[in-house]
Structures are given as structure tokens and as C-alpha cells.
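K.L.:
This structure is in C-alpha cells; I'll ask about it shortly.
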Amino acid sequence: MDERFRENIVRAKLKAYRITFGVMHAALIILCQGKLFGNLEYTLIAAIISLSLALGLGIFLSEYLLYRYDHDDPAEEGGE
């Protein structure tokens, strides 16, 4: 691993973590406003589902962004 690749790993994970945290935060704020369909169990199920999807998004997004950063490097395209 070279230094540029390590920087891309850190940059991809940081951006994925920020997006994941934002999605989790928004979902919890929306779901904690009250009962979903008048039933607390449905609200808790929706919270678990939304948190699980957000964690899955974070895992996928960190790998995807690493791929994008590694293959779309502007320094290689310019020929300078």
C-alpha cells in the first residue's frame, strides 16, 4: 500500500461514517417523535430496520468510495 491509497481509505471511511451518522440521526429523530401507526412495537421495528439499513449503507459506501477515489484520480488523467 502506498501513501495515496492509505489517504483514500481514510477519506472514504470518514465520508461514509458522516453519511451513515446523518442517516441514523435523521431516522431516530423522525421515529422518536411518536408512535408509528399508533403502536410502539411498529416504531421499534422501524427503528431497528432503519439503523440496520444505515449500517449496511455505511459498509457499502466506504468500499464504493474507496473504489471511486482509487480509479478516478485526477492526477493520472492530466498527464502532467
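Going through the C-alpha cells in order, the chains are called A, B, and so on, while each chain numbers its residues from 1 and the ligands are numbered from 1 in the order shown.
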At a cut-off of 12 Å, using only C-alpha atoms, what residues contact Phe21 (chain A)? Leave out same-chain residues fewer than 2 positions from it and give the result as a ChimeraX atom specification.
P.N.:
/A:13-19,23-28,50-51,53-58
K.L.:
Enter the distance from CA of Ala12 (chain A) to CA of Tyr67 (chain A), in Å, rounded to one decimal.
P.N.:
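Going from CA of Ala12 (chain A) over to CA of Tyr67 (chain A) covers 8.9 Å.
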K.L.:
Neighbouring residues of Leu44 (chain A) were defined as those with any atom within 10 Å, considering only C-alpha atoms; residues of the same chain fewer than 5 positions away were excluded. Please report them as an NGL selection string.
P.N.:
:A and (31-32 or 35-36 or 39 or 49-50)
K.L.:
Ranking A:Gly38, A:Ser52, A:Arg11, A:Gln33 by minimum distance to Tyr69 (chain A) and counting only C-alpha atoms, which one comes first?
P.N.:
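Counting only C-alpha atoms, the residue closest to Tyr69 (chain A) is A:Arg11.
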K.L.:
What does the distance between CA of Ala46 (chain A) and CA of Phe60 (chain A) come to in Å, to one decimal place?
P.N.:
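Those two atoms sit 20.9 Å apart.
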